[in-house]
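One structure is given below, encoded as structure tokens.
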Amino acid sequence: MSIRIRTSAFALAVAVGLVSAADAAELRIAAGDTGDALVLLREHLDRFEAATGHNVTIVPMPSSTTDQLAQYRIWLADRSPEVDVFFIDVIWSALLAHHLHDLSEAAADVIDQHIPEIVASQTVDGRLVAIPYYTDAPALYYRTDLLEKHDKTPPETWVEMETTAAEIMAAERAEGNGQMWGFVFQGGLYEGLTANALEWVASNDGGTFIDEEGRITANDPNAVAAFDLASGWVNNISPPGVISYREEESRVFWEAGNAVFMRNWPYAYALGNRPESAVAGNFDVVPLPRGSMGTGSAATLGGWNAAVSAYSTEPEAASELAVFLTSEEIQKDRAIRNSFLPTIASLYDDPEIAEAQPLIPEWRQVVENAVPRPSAVTGIHYSQVSQEIWTAAHNTIAGRGDAASNLAELERRLRFISARGW
Ligand code: GLC
């Protein structure tokens, strides 16, 4: 299309034109149900419908990226036209690429607004398989009231985090607050645990399990030391249930006021400040701690992107929807209301976003330094690779085998998967 698509709903309506009733498309969009994300998505879809005349139905997906991928793979393997637009995790672009429509043309006028590395992560063999929707890099959430009361500062290392968590937890329990724990994170058997484990290891200068050239580095001594530290958390500073927690379980636990620290993504920032949260106004965020042998904090790079199914019967309308949902207007609203990190670089300097969610301008640097998971180099093998990583991490935190033997086993298994190359 030669008309330049602008980013306001009004301009979109002018550029695309309201379709006639006969041309109105019925679209279905699959989206994870995390926090109140689907409520805001519905509002945005209403704007799209009003501007274009198309209709869009949400197909709610589980919050877990691992569960979403399982469902997506069933649909896509069946070449099912069931869903037109998907939100795909940043790590799934290579795996799903051949099932996705090339959006290069549809997004040609707007793609340069986005952070180039994110665009690159969604470009597979020269095809833009998804348009960036939001980026993600986790934080260490801490209770400002509790740290102040117990005269502590936010920790810079994981060891300090553990010590501070244990001290405050013990003091609070001694005062009768029997529900208090020190640290919640994502310890369930799924992708989120891979993201957590990568942070323990990378922040201890222990590599990223597989390096950028595809070499397997899982059994690094610094990685072993990092896993060893994490092996002491469950039942000590972390509640026993943490070994099945995903993002939402951690957030609910945290919002009930029962943890000193939480590792979570920025979406939990806006939600934690809602009136119904017991910690509203009583928490802040800092970058994740670093390992004692490491030189700096490491945040796993996350994020989601809008993709159009190659089996959609309405690829044009679906592409318009993907362009609309990733536009500056929508990203700004999502940043202000739900603290999602934009992928449009200029929004990090937006004063209204900074005012509503001070985390966002502060987080630009964290995003820039975030550590990618080894998904690009392992390509279609990544889901298997990640499953091995989260299994090793889970065994370690749940007390099945020690850090050294679990990482030695991980290294063996990764070698087996890569036997014929990545
Ligand atoms: C967040 C991230 C995503 C990651 C997932 C793990 O949704 O954006 O990249 O894979 O968490 O649970």
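In the structure tokens, each chain is lettered A, B, ... as it comes, each chain's residues begin at 1, and ligands are numbered from 1 in order of appearance.
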
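Taking only C-alpha atoms and all ligand atoms into account, ligand 1 has within 7 Å the residues A:Ser64, A:Thr65, A:Asp89, A:Val90, A:Ile91, A:Thr135, A:Asp136, A:Glu191, A:Gly192, A:Ala195, A:Arg246, A:Glu247, A:Trp265, A:Leu301, A:Gly302, A:Gly303, A:Trp304.
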
Generate a file of the selected residues that holds N, CA and C atoms, formatted as a PDB file, in the first residue's frame.
```pdb
ATOM      1  N   SER A  64       0.581 -18.624  30.731  1.00  0.00           N
ATOM      2  CA  SER A  64       1.924 -19.188  30.539  1.00  0.00           C
ATOM      3  C   SER A  64       2.302 -19.269  29.061  1.00  0.00           C
ATOM      4  N   THR A  65       3.474 -18.760  28.732  1.00  0.00           N
ATOM      5  CA  THR A  65       3.938 -18.796  27.347  1.00  0.00           C
ATOM      6  C   THR A  65       4.097 -20.240  26.864  1.00  0.00           C
ATOM      7  N   ASP A  89       5.695 -14.844  21.738  1.00  0.00           N
ATOM      8  CA  ASP A  89       6.813 -14.526  22.618  1.00  0.00           C
ATOM      9  C   ASP A  89       8.047 -14.292  21.743  1.00  0.00           C
ATOM     10  N   VAL A  90       8.928 -13.415  22.202  1.00  0.00           N
ATOM     11  CA  VAL A  90      10.134 -13.058  21.436  1.00  0.00           C
ATOM     12  C   VAL A  90      10.977 -14.286  21.059  1.00  0.00           C
ATOM     13  N   ILE A  91      10.896 -15.334  21.863  1.00  0.00           N
ATOM     14  CA  ILE A  91      11.722 -16.526  21.625  1.00  0.00           C
ATOM     15  C   ILE A  91      11.152 -17.489  20.592  1.00  0.00           C
ATOM     16  N   THR A 135       8.198  -4.905  24.950  1.00  0.00           N
ATOM     17  CA  THR A 135       9.408  -5.612  25.327  1.00  0.00           C
ATOM     18  C   THR A 135       9.335  -5.856  26.830  1.00  0.00           C
ATOM     19  N   ASP A 136      10.243  -6.656  27.347  1.00  0.00           N
ATOM     20  CA  ASP A 136      10.162  -7.078  28.733  1.00  0.00           C
ATOM     21  C   ASP A 136      11.562  -7.266  29.295  1.00  0.00           C
ATOM     22  N   GLU A 191       8.760 -22.096  30.796  1.00  0.00           N
ATOM     23  CA  GLU A 191       9.697 -21.109  30.260  1.00  0.00           C
ATOM     24  C   GLU A 191      10.147 -20.053  31.279  1.00  0.00           C
ATOM     25  N   GLY A 192       9.224 -19.635  32.127  1.00  0.00           N
ATOM     26  CA  GLY A 192       9.565 -18.578  33.093  1.00  0.00           C
ATOM     27  C   GLY A 192      10.737 -18.976  33.983  1.00  0.00           C
ATOM     28  N   ALA A 195      13.930 -18.375  32.234  1.00  0.00           N
ATOM     29  CA  ALA A 195      14.291 -16.953  32.279  1.00  0.00           C
ATOM     30  C   ALA A 195      14.943 -16.606  33.622  1.00  0.00           C
ATOM     31  N   ARG A 246       4.156 -19.428  38.609  1.00  0.00           N
ATOM     32  CA  ARG A 246       4.489 -18.711  37.383  1.00  0.00           C
ATOM     33  C   ARG A 246       4.332 -17.225  37.702  1.00  0.00           C
ATOM     34  N   GLU A 247       4.295 -16.355  36.697  1.00  0.00           N
ATOM     35  CA  GLU A 247       4.245 -14.912  36.977  1.00  0.00           C
ATOM     36  C   GLU A 247       3.050 -14.545  37.858  1.00  0.00           C
ATOM     37  N   TRP A 265       8.199  -9.261  35.943  1.00  0.00           N
ATOM     38  CA  TRP A 265       8.293  -8.379  34.775  1.00  0.00           C
ATOM     39  C   TRP A 265       7.559  -7.069  35.088  1.00  0.00           C
ATOM     40  N   LEU A 301      15.904 -10.980  28.473  1.00  0.00           N
ATOM     41  CA  LEU A 301      15.110 -10.197  27.526  1.00  0.00           C
ATOM     42  C   LEU A 301      13.848 -10.966  27.155  1.00  0.00           C
ATOM     43  N   GLY A 302      12.716 -10.339  27.421  1.00  0.00           N
ATOM     44  CA  GLY A 302      11.438 -10.956  27.045  1.00  0.00           C
ATOM     45  C   GLY A 302      10.708 -10.058  26.071  1.00  0.00           C
ATOM     46  N   GLY A 303       9.430 -10.335  25.883  1.00  0.00           N
ATOM     47  CA  GLY A 303       8.629  -9.453  25.047  1.00  0.00           C
ATOM     48  C   GLY A 303       7.718 -10.222  24.119  1.00  0.00           C
ATOM     49  N   TRP A 304       6.738  -9.513  23.610  1.00  0.00           N
ATOM     50  CA  TRP A 304       5.696 -10.120  22.772  1.00  0.00           C
ATOM     51  C   TRP A 304       5.492  -9.317  21.499  1.00  0.00           C
TER      52      TRP A 304
END
```

Got a sec: who's within 10 Å of region 341-351 of chain A, counting only C-alpha atoms, leaving out chain neighbours fewer than 6 positions off, as a PDB file with N, CA, C and O atoms, in the first residue's frame?
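To be explicit, this is the file written out as part-v5.pdb:
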```pdb
ATOM      1  N   VAL A 110       6.127   1.970   9.407  1.00  0.00           N
ATOM      2  CA  VAL A 110       6.218   2.185  10.858  1.00  0.00           C
ATOM      3  C   VAL A 110       7.359   1.407  11.521  1.00  0.00           C
ATOM      4  O   VAL A 110       7.722   1.698  12.658  1.00  0.00           O
ATOM      5  N   ILE A 111       7.925   0.468  10.825  1.00  0.00           N
ATOM      6  CA  ILE A 111       8.846  -0.455  11.488  1.00  0.00           C
ATOM      7  C   ILE A 111      10.096   0.261  12.028  1.00  0.00           C
ATOM      8  O   ILE A 111      10.659  -0.137  13.047  1.00  0.00           O
ATOM      9  N   ASP A 112      10.511   1.339  11.368  1.00  0.00           N
ATOM     10  CA  ASP A 112      11.714   2.040  11.820  1.00  0.00           C
ATOM     11  C   ASP A 112      11.540   2.746  13.156  1.00  0.00           C
ATOM     12  O   ASP A 112      12.516   3.186  13.760  1.00  0.00           O
ATOM     13  N   GLN A 113      10.310   2.890  13.621  1.00  0.00           N
ATOM     14  CA  GLN A 113      10.092   3.506  14.938  1.00  0.00           C
ATOM     15  C   GLN A 113      10.550   2.578  16.066  1.00  0.00           C
ATOM     16  O   GLN A 113      10.802   3.014  17.183  1.00  0.00           O
ATOM     17  N   HIS A 114      10.600   1.278  15.771  1.00  0.00           N
ATOM     18  CA  HIS A 114      10.852   0.291  16.827  1.00  0.00           C
ATOM     19  C   HIS A 114      12.347   0.086  17.081  1.00  0.00           C
ATOM     20  O   HIS A 114      13.169   0.291  16.194  1.00  0.00           O
ATOM     21  N   ILE A 115      12.668  -0.363  18.279  1.00  0.00           N
ATOM     22  CA  ILE A 115      14.061  -0.649  18.641  1.00  0.00           C
ATOM     23  C   ILE A 115      14.593  -1.718  17.669  1.00  0.00           C
ATOM     24  O   ILE A 115      14.002  -2.801  17.538  1.00  0.00           O
ATOM     25  N   PRO A 116      15.687  -1.393  16.951  1.00  0.00           N
ATOM     26  CA  PRO A 116      16.132  -2.266  15.849  1.00  0.00           C
ATOM     27  C   PRO A 116      16.420  -3.706  16.261  1.00  0.00           C
ATOM     28  O   PRO A 116      16.114  -4.636  15.515  1.00  0.00           O
ATOM     29  N   GLU A 117      16.971  -3.914  17.457  1.00  0.00           N
ATOM     30  CA  GLU A 117      17.302  -5.291  17.870  1.00  0.00           C
ATOM     31  C   GLU A 117      16.038  -6.140  18.005  1.00  0.00           C
ATOM     32  O   GLU A 117      16.054  -7.345  17.773  1.00  0.00           O
ATOM     33  N   ILE A 118      14.948  -5.480  18.409  1.00  0.00           N
ATOM     34  CA  ILE A 118      13.708  -6.249  18.582  1.00  0.00           C
ATOM     35  C   ILE A 118      13.148  -6.611  17.206  1.00  0.00           C
ATOM     36  O   ILE A 118      12.700  -7.733  16.969  1.00  0.00           O
ATOM     37  N   VAL A 119      13.224  -5.656  16.296  1.00  0.00           N
ATOM     38  CA  VAL A 119      12.780  -5.939  14.924  1.00  0.00           C
ATOM     39  C   VAL A 119      13.626  -7.086  14.361  1.00  0.00           C
ATOM     40  O   VAL A 119      13.099  -8.033  13.755  1.00  0.00           O
ATOM     41  N   ILE A 131       5.306  -8.097  14.440  1.00  0.00           N
ATOM     42  CA  ILE A 131       5.634  -6.691  14.710  1.00  0.00           C
ATOM     43  C   ILE A 131       5.721  -6.517  16.225  1.00  0.00           C
ATOM     44  O   ILE A 131       4.835  -6.971  16.960  1.00  0.00           O
ATOM     45  N   PRO A 132       6.783  -5.847  16.715  1.00  0.00           N
ATOM     46  CA  PRO A 132       6.954  -5.708  18.163  1.00  0.00           C
ATOM     47  C   PRO A 132       5.756  -5.020  18.840  1.00  0.00           C
ATOM     48  O   PRO A 132       5.268  -3.994  18.362  1.00  0.00           O
ATOM     49  N   TYR A 133       5.319  -5.605  19.945  1.00  0.00           N
ATOM     50  CA  TYR A 133       4.138  -5.133  20.682  1.00  0.00           C
ATOM     51  C   TYR A 133       4.576  -4.538  22.022  1.00  0.00           C
ATOM     52  O   TYR A 133       4.231  -3.439  22.377  1.00  0.00           O
ATOM     53  N   TYR A 134       5.345  -5.321  22.795  1.00  0.00           N
ATOM     54  CA  TYR A 134       6.017  -4.745  23.964  1.00  0.00           C
ATOM     55  C   TYR A 134       7.268  -5.542  24.250  1.00  0.00           C
ATOM     56  O   TYR A 134       7.394  -6.688  23.831  1.00  0.00           O
ATOM     57  N   THR A 135       8.198  -4.905  24.950  1.00  0.00           N
ATOM     58  CA  THR A 135       9.408  -5.612  25.327  1.00  0.00           C
ATOM     59  C   THR A 135       9.335  -5.856  26.830  1.00  0.00           C
ATOM     60  O   THR A 135       8.432  -5.356  27.511  1.00  0.00           O
ATOM     61  N   ASP A 136      10.243  -6.656  27.347  1.00  0.00           N
ATOM     62  CA  ASP A 136      10.162  -7.078  28.733  1.00  0.00           C
ATOM     63  C   ASP A 136      11.562  -7.266  29.295  1.00  0.00           C
ATOM     64  O   ASP A 136      12.433  -7.846  28.626  1.00  0.00           O
ATOM     65  N   ALA A 137      11.769  -6.793  30.501  1.00  0.00           N
ATOM     66  CA  ALA A 137      13.003  -7.072  31.230  1.00  0.00           C
ATOM     67  C   ALA A 137      12.633  -6.966  32.707  1.00  0.00           C
ATOM     68  O   ALA A 137      12.071  -5.959  33.119  1.00  0.00           O
ATOM     69  N   TRP A 265       8.199  -9.261  35.943  1.00  0.00           N
ATOM     70  CA  TRP A 265       8.293  -8.379  34.775  1.00  0.00           C
ATOM     71  C   TRP A 265       7.559  -7.069  35.088  1.00  0.00           C
ATOM     72  O   TRP A 265       6.742  -7.013  36.031  1.00  0.00           O
ATOM     73  N   PRO A 266       7.761  -6.036  34.275  1.00  0.00           N
ATOM     74  CA  PRO A 266       7.161  -4.723  34.571  1.00  0.00           C
ATOM     75  C   PRO A 266       5.628  -4.695  34.616  1.00  0.00           C
ATOM     76  O   PRO A 266       5.064  -3.777  35.196  1.00  0.00           O
ATOM     77  N   TYR A 267       4.949  -5.690  34.043  1.00  0.00           N
ATOM     78  CA  TYR A 267       3.481  -5.638  34.079  1.00  0.00           C
ATOM     79  C   TYR A 267       2.967  -5.622  35.515  1.00  0.00           C
ATOM     80  O   TYR A 267       1.876  -5.110  35.786  1.00  0.00           O
ATOM     81  N   GLY A 303       9.430 -10.335  25.883  1.00  0.00           N
ATOM     82  CA  GLY A 303       8.629  -9.453  25.047  1.00  0.00           C
ATOM     83  C   GLY A 303       7.718 -10.222  24.119  1.00  0.00           C
ATOM     84  O   GLY A 303       7.908 -11.415  23.892  1.00  0.00           O
ATOM     85  N   TRP A 304       6.738  -9.513  23.610  1.00  0.00           N
ATOM     86  CA  TRP A 304       5.696 -10.120  22.772  1.00  0.00           C
ATOM     87  C   TRP A 304       5.492  -9.317  21.499  1.00  0.00           C
ATOM     88  O   TRP A 304       5.725  -8.101  21.467  1.00  0.00           O
ATOM     89  N   ASN A 305       5.052 -10.017  20.461  1.00  0.00           N
ATOM     90  CA  ASN A 305       4.988  -9.442  19.119  1.00  0.00           C
ATOM     91  C   ASN A 305       3.722  -9.925  18.432  1.00  0.00           C
ATOM     92  O   ASN A 305       3.264 -11.036  18.687  1.00  0.00           O
ATOM     93  N   THR A 326       0.222  -2.471  17.421  1.00  0.00           N
ATOM     94  CA  THR A 326       1.615  -2.212  17.763  1.00  0.00           C
ATOM     95  C   THR A 326       1.975  -0.734  17.561  1.00  0.00           C
ATOM     96  O   THR A 326       3.126  -0.353  17.694  1.00  0.00           O
ATOM     97  N   SER A 327       0.956   0.085  17.239  1.00  0.00           N
ATOM     98  CA  SER A 327       1.213   1.482  16.908  1.00  0.00           C
ATOM     99  C   SER A 327       1.607   2.300  18.140  1.00  0.00           C
ATOM    100  O   SER A 327       1.401   1.880  19.288  1.00  0.00           O
ATOM    101  N   GLU A 328       2.110   3.474  17.879  1.00  0.00           N
ATOM    102  CA  GLU A 328       2.547   4.366  18.951  1.00  0.00           C
ATOM    103  C   GLU A 328       1.386   4.701  19.892  1.00  0.00           C
ATOM    104  O   GLU A 328       1.533   4.712  21.111  1.00  0.00           O
ATOM    105  N   GLU A 329       0.244   4.957  19.295  1.00  0.00           N
ATOM    106  CA  GLU A 329      -0.940   5.303  20.104  1.00  0.00           C
ATOM    107  C   GLU A 329      -1.274   4.193  21.107  1.00  0.00           C
ATOM    108  O   GLU A 329      -1.496   4.444  22.297  1.00  0.00           O
ATOM    109  N   ILE A 330      -1.298   2.970  20.626  1.00  0.00           N
ATOM    110  CA  ILE A 330      -1.682   1.845  21.497  1.00  0.00           C
ATOM    111  C   ILE A 330      -0.557   1.538  22.491  1.00  0.00           C
ATOM    112  O   ILE A 330      -0.804   1.308  23.676  1.00  0.00           O
ATOM    113  N   GLN A 331       0.690   1.561  22.036  1.00  0.00           N
ATOM    114  CA  GLN A 331       1.803   1.281  22.959  1.00  0.00           C
ATOM    115  C   GLN A 331       1.855   2.310  24.071  1.00  0.00           C
ATOM    116  O   GLN A 331       2.166   1.999  25.217  1.00  0.00           O
ATOM    117  N   LYS A 332       1.533   3.552  23.741  1.00  0.00           N
ATOM    118  CA  LYS A 332       1.559   4.604  24.766  1.00  0.00           C
ATOM    119  C   LYS A 332       0.473   4.348  25.817  1.00  0.00           C
ATOM    120  O   LYS A 332       0.708   4.456  27.017  1.00  0.00           O
ATOM    121  N   ASP A 333      -0.710   3.996  25.355  1.00  0.00           N
ATOM    122  CA  ASP A 333      -1.802   3.722  26.283  1.00  0.00           C
ATOM    123  C   ASP A 333      -1.468   2.523  27.177  1.00  0.00           C
ATOM    124  O   ASP A 333      -1.712   2.529  28.389  1.00  0.00           O
ATOM    125  N   ARG A 334      -0.883   1.497  26.594  1.00  0.00           N
ATOM    126  CA  ARG A 334      -0.516   0.307  27.369  1.00  0.00           C
ATOM    127  C   ARG A 334       0.581   0.621  28.379  1.00  0.00           C
ATOM    128  O   ARG A 334       0.604   0.071  29.477  1.00  0.00           O
ATOM    129  N   ALA A 335       1.493   1.506  27.991  1.00  0.00           N
ATOM    130  CA  ALA A 335       2.560   1.895  28.913  1.00  0.00           C
ATOM    131  C   ALA A 335       1.963   2.664  30.094  1.00  0.00           C
ATOM    132  O   ALA A 335       2.244   2.383  31.263  1.00  0.00           O
ATOM    133  N   GLN A 357       4.127   6.083  35.008  1.00  0.00           N
ATOM    134  CA  GLN A 357       4.853   4.848  35.361  1.00  0.00           C
ATOM    135  C   GLN A 357       6.352   5.141  35.350  1.00  0.00           C
ATOM    136  O   GLN A 357       7.049   4.858  34.376  1.00  0.00           O
ATOM    137  N   PRO A 358       6.865   5.702  36.451  1.00  0.00           N
ATOM    138  CA  PRO A 358       8.287   6.096  36.482  1.00  0.00           C
ATOM    139  C   PRO A 358       9.254   4.959  36.164  1.00  0.00           C
ATOM    140  O   PRO A 358      10.386   5.192  35.748  1.00  0.00           O
ATOM    141  N   LEU A 359       8.788   3.734  36.341  1.00  0.00           N
ATOM    142  CA  LEU A 359       9.643   2.588  35.992  1.00  0.00           C
ATOM    143  C   LEU A 359      10.107   2.643  34.538  1.00  0.00           C
ATOM    144  O   LEU A 359      11.240   2.269  34.214  1.00  0.00           O
ATOM    145  N   ILE A 360       9.223   3.114  33.640  1.00  0.00           N
ATOM    146  CA  ILE A 360       9.497   2.919  32.210  1.00  0.00           C
ATOM    147  C   ILE A 360      10.734   3.666  31.708  1.00  0.00           C
ATOM    148  O   ILE A 360      11.631   3.031  31.147  1.00  0.00           O
ATOM    149  N   PRO A 361      10.866   4.989  31.921  1.00  0.00           N
ATOM    150  CA  PRO A 361      12.114   5.610  31.444  1.00  0.00           C
ATOM    151  C   PRO A 361      13.353   5.024  32.123  1.00  0.00           C
ATOM    152  O   PRO A 361      14.395   4.852  31.484  1.00  0.00           O
ATOM    153  N   GLU A 362      13.203   4.657  33.395  1.00  0.00           N
ATOM    154  CA  GLU A 362      14.335   4.051  34.122  1.00  0.00           C
ATOM    155  C   GLU A 362      14.737   2.715  33.512  1.00  0.00           C
ATOM    156  O   GLU A 362      15.874   2.281  33.650  1.00  0.00           O
ATOM    157  N   TRP A 363      13.793   2.033  32.892  1.00  0.00           N
ATOM    158  CA  TRP A 363      14.035   0.667  32.430  1.00  0.00           C
ATOM    159  C   TRP A 363      14.650   0.575  31.040  1.00  0.00           C
ATOM    160  O   TRP A 363      15.006  -0.497  30.567  1.00  0.00           O
ATOM    161  N   ARG A 364      14.788   1.721  30.394  1.00  0.00           N
ATOM    162  CA  ARG A 364      15.341   1.684  29.039  1.00  0.00           C
ATOM    163  C   ARG A 364      16.719   1.024  29.023  1.00  0.00           C
ATOM    164  O   ARG A 364      17.028   0.172  28.186  1.00  0.00           O
ATOM    165  N   VAL A 367      16.599  -2.686  29.521  1.00  0.00           N
ATOM    166  CA  VAL A 367      16.228  -3.367  28.270  1.00  0.00           C
ATOM    167  C   VAL A 367      17.443  -3.440  27.338  1.00  0.00           C
ATOM    168  O   VAL A 367      17.726  -4.483  26.741  1.00  0.00           O
TER     169      VAL A 367
END
```

Nearest to Asp67 (chain A): which of A:Glu355, A:Glu411, A:Asp109, A:Asp33 is it, counting only C-alpha atoms?
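Of A:Glu355, A:Glu411, A:Asp109, A:Asp33, the one nearest Asp67 (chain A) is A:Asp33, counting only C-alpha atoms.
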
Here CA of Tyr311 (chain A) and CA of Phe340 (chain A) stand apart by 29.2 Å

Polymer residues at most 6 Å from Phe261 (chain A), only C-alpha atoms, same-chain spacing of 4 or more positions, as a PyMOL selection string
chain A and resi 141-142+182-183

Which of region 45-294 of chain A counts as strand (DSSP E) under DSSP, as a short mmCIF file (atom, residue, chain, number, x, y, z; two decimals) with C-alpha atoms, in the first residue's frame please?
```cif
data_model
loop_
_atom_site.label_atom_id
_atom_site.label_comp_id
_atom_site.auth_asym_id
_atom_site.auth_seq_id
_atom_site.Cartn_x
_atom_site.Cartn_y
_atom_site.Cartn_z
CA ASN A 55 -14.94 -7.25 13.87
CA VAL A 56 -12.47 -8.87 16.21
CA THR A 57 -13.04 -11.63 18.77
CA ILE A 58 -10.51 -12.44 21.48
CA VAL A 59 -9.57 -16.09 21.91
CA PRO A 60 -8.28 -16.10 25.50
CA MET A 61 -5.12 -18.09 26.05
CA VAL A 85 -3.57 -12.85 14.77
CA PHE A 86 -1.33 -14.25 17.51
CA PHE A 87 0.84 -12.59 20.08
CA ILE A 88 4.08 -14.51 20.01
CA ASP A 89 6.81 -14.53 22.62
CA THR A 123 12.95 -11.07 11.21
CA VAL A 124 13.58 -14.60 10.00
CA ARG A 127 10.74 -11.94 6.54
CA LEU A 128 9.17 -9.84 9.29
CA ILE A 131 5.63 -6.69 14.71
CA PRO A 132 6.95 -5.71 18.16
CA TYR A 133 4.14 -5.13 20.68
CA TYR A 134 6.02 -4.75 23.96
CA THR A 135 9.41 -5.61 25.33
CA ASP A 136 10.16 -7.08 28.73
CA ALA A 139 12.94 -6.16 38.04
CA LEU A 140 13.56 -6.91 41.67
CA TYR A 141 10.46 -5.60 43.40
CA TYR A 142 11.03 -4.68 47.04
CA ARG A 143 8.87 -3.47 49.88
CA TRP A 181 8.25 -14.88 53.26
CA GLY A 182 11.39 -13.35 51.80
CA PHE A 183 11.38 -13.90 48.04
CA VAL A 184 8.98 -15.07 45.36
CA ALA A 259 6.86 -11.23 50.43
CA VAL A 260 9.75 -8.85 50.96
CA PHE A 261 11.08 -9.30 47.41
CA MET A 262 9.69 -10.49 44.11
CA ARG A 263 11.28 -11.13 40.72
CA ASN A 264 8.80 -10.20 38.06
CA PHE A 283 7.07 -0.91 46.86
CA ASP A 284 9.67 0.08 44.33
CA VAL A 285 11.91 -1.68 41.82
CA VAL A 286 15.64 -1.99 41.21
#
```

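Comparing the minimum interatomic distances between Glu199 (chain A) and each of A:Val129, A:Ile336, A:Ala226, A:Ala77, counting only C-alpha atoms, we find that A:Ala226 sits nearest.
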
With a distance cut-off of 6 Å and only C-alpha atoms, select the neighbouring residues of region 99-103 of chain A, excluding the residue or stretch itself and same-chain residues fewer than 2 positions from it, and output the selection as JSON, numbers by chain.
{"A": [96, 97, 105, 106, 107, 127, 128, 129, 308, 309, 310]}

Let's have the selection written as an mmCIF file, in the first residue's frame, with N, CA, C and O atoms.
```cif
data_model
loop_
_atom_site.group_PDB
_atom_site.id
_atom_site.type_symbol
_atom_site.label_atom_id
_atom_site.label_comp_id
_atom_site.auth_asym_id
_atom_site.auth_seq_id
_atom_site.Cartn_x
_atom_site.Cartn_y
_atom_site.Cartn_z
ATOM 1 N N LEU A 96 8.243 -20.628 14.817
ATOM 2 C CA LEU A 96 6.932 -20.516 14.168
ATOM 3 C C LEU A 96 6.985 -19.849 12.795
ATOM 4 O O LEU A 96 5.970 -19.788 12.096
ATOM 5 N N ALA A 97 8.167 -19.354 12.417
ATOM 6 C CA ALA A 97 8.285 -18.497 11.223
ATOM 7 C C ALA A 97 7.555 -19.020 9.989
ATOM 8 O O ALA A 97 6.862 -18.267 9.305
ATOM 9 N N GLU A 105 5.711 -5.676 4.312
ATOM 10 C CA GLU A 105 5.037 -4.644 3.527
ATOM 11 C C GLU A 105 4.023 -3.881 4.372
ATOM 12 O O GLU A 105 3.990 -2.658 4.366
ATOM 13 N N ALA A 106 3.215 -4.617 5.127
ATOM 14 C CA ALA A 106 2.170 -3.981 5.945
ATOM 15 C C ALA A 106 2.775 -3.003 6.949
ATOM 16 O O ALA A 106 2.186 -1.969 7.259
ATOM 17 N N ALA A 107 3.981 -3.322 7.446
ATOM 18 C CA ALA A 107 4.574 -2.489 8.506
ATOM 19 C C ALA A 107 5.664 -1.559 7.971
ATOM 20 O O ALA A 107 6.329 -0.864 8.751
ATOM 21 N N ARG A 127 12.190 -12.171 6.425
ATOM 22 C CA ARG A 127 10.743 -11.943 6.542
ATOM 23 C C ARG A 127 10.425 -11.412 7.936
ATOM 24 O O ARG A 127 10.877 -11.979 8.928
ATOM 25 N N LEU A 128 9.597 -10.369 7.989
ATOM 26 C CA LEU A 128 9.172 -9.843 9.288
ATOM 27 C C LEU A 128 7.989 -10.697 9.744
ATOM 28 O O LEU A 128 6.867 -10.527 9.267
ATOM 29 N N VAL A 129 8.249 -11.617 10.675
ATOM 30 C CA VAL A 129 7.195 -12.582 11.027
ATOM 31 C C VAL A 129 6.283 -12.064 12.137
ATOM 32 O O VAL A 129 5.210 -12.629 12.369
ATOM 33 N N VAL A 308 0.679 -12.640 12.179
ATOM 34 C CA VAL A 308 -0.507 -13.035 11.422
ATOM 35 C C VAL A 308 -0.285 -14.460 10.908
ATOM 36 O O VAL A 308 0.765 -14.769 10.329
ATOM 37 N N SER A 309 -1.275 -15.297 11.135
ATOM 38 C CA SER A 309 -1.170 -16.688 10.710
ATOM 39 C C SER A 309 -1.136 -16.775 9.185
ATOM 40 O O SER A 309 -1.912 -16.102 8.492
ATOM 41 N N ALA A 310 -0.278 -17.654 8.679
ATOM 42 C CA ALA A 310 -0.227 -17.886 7.235
ATOM 43 C C ALA A 310 -1.519 -18.540 6.759
ATOM 44 O O ALA A 310 -1.793 -18.577 5.559
#
```

Separation of CA of Tyr269 (chain A) from CA of Thr34 (chain A), in Å and rounded to one decimal:
13.1 Å

Expressed in Å to a single decimal, how great is the separation between CA of Ala197 (chain A) and CA of Asn282 (chain A)?
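Straight-line distance from CA of Ala197 (chain A) to CA of Asn282 (chain A) works out to 27.4 Å.
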
List every residue of region 103-351 of chain A that DSSP, applied to the backbone, labels as alpha helix (DSSP H), and write the result as JSON, numbers by chain.
{"A": [116, 117, 118, 119, 120, 121, 144, 145, 146, 147, 148, 149, 158, 159, 160, 161, 162, 163, 164, 165, 166, 167, 168, 169, 170, 171, 172, 173, 174, 191, 192, 193, 194, 195, 196, 197, 198, 199, 200, 201, 202, 221, 222, 223, 224, 225, 226, 227, 228, 229, 230, 247, 248, 249, 250, 251, 252, 253, 254, 255, 267, 268, 269, 270, 271, 272, 315, 316, 317, 318, 319, 320, 321, 322, 323, 324, 325, 328, 329, 330, 331, 332, 333, 334, 335, 336, 337, 338, 351]}

Show me, as a ChimeraX atom specification, the residues that have an atom within 8 Å of Asn395 (chain A) when counting only C-alpha atoms, minus same-chain residues fewer than 5 positions from it.
/A:400-401,406

Taking only C-alpha atoms into account, name the residue in A:Gly399, A:Gly178, A:Pro374, A:Gly32 that is nearest to Glu213 (chain A).
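Smallest separation from Glu213 (chain A) among the options: A:Pro374.
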
Give me the residues within 12 Å of Ile243 (chain A) as a list in words, counting only C-alpha atoms and dropping any in the same chain fewer than 6 places off.
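So, after excluding close chain neighbours, the residues are Val184, Phe185, Gln186, Gly187, Gly188, Leu189, Tyr190, Gly192, Leu193, Ala230, Ser231, Trp233, Val234, Asn235, Glu249, Ser250, Trp390, Thr391, Ala393, His394, Asn395, Thr396, Ile397, Ala398 and Gly399 of chain A.
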
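Checking A:Ser121, A:Ser339, A:Ser63, A:Thr144 one by one against Gly281 (chain A), counting only C-alpha atoms, you find the shortest gap at A:Thr144.
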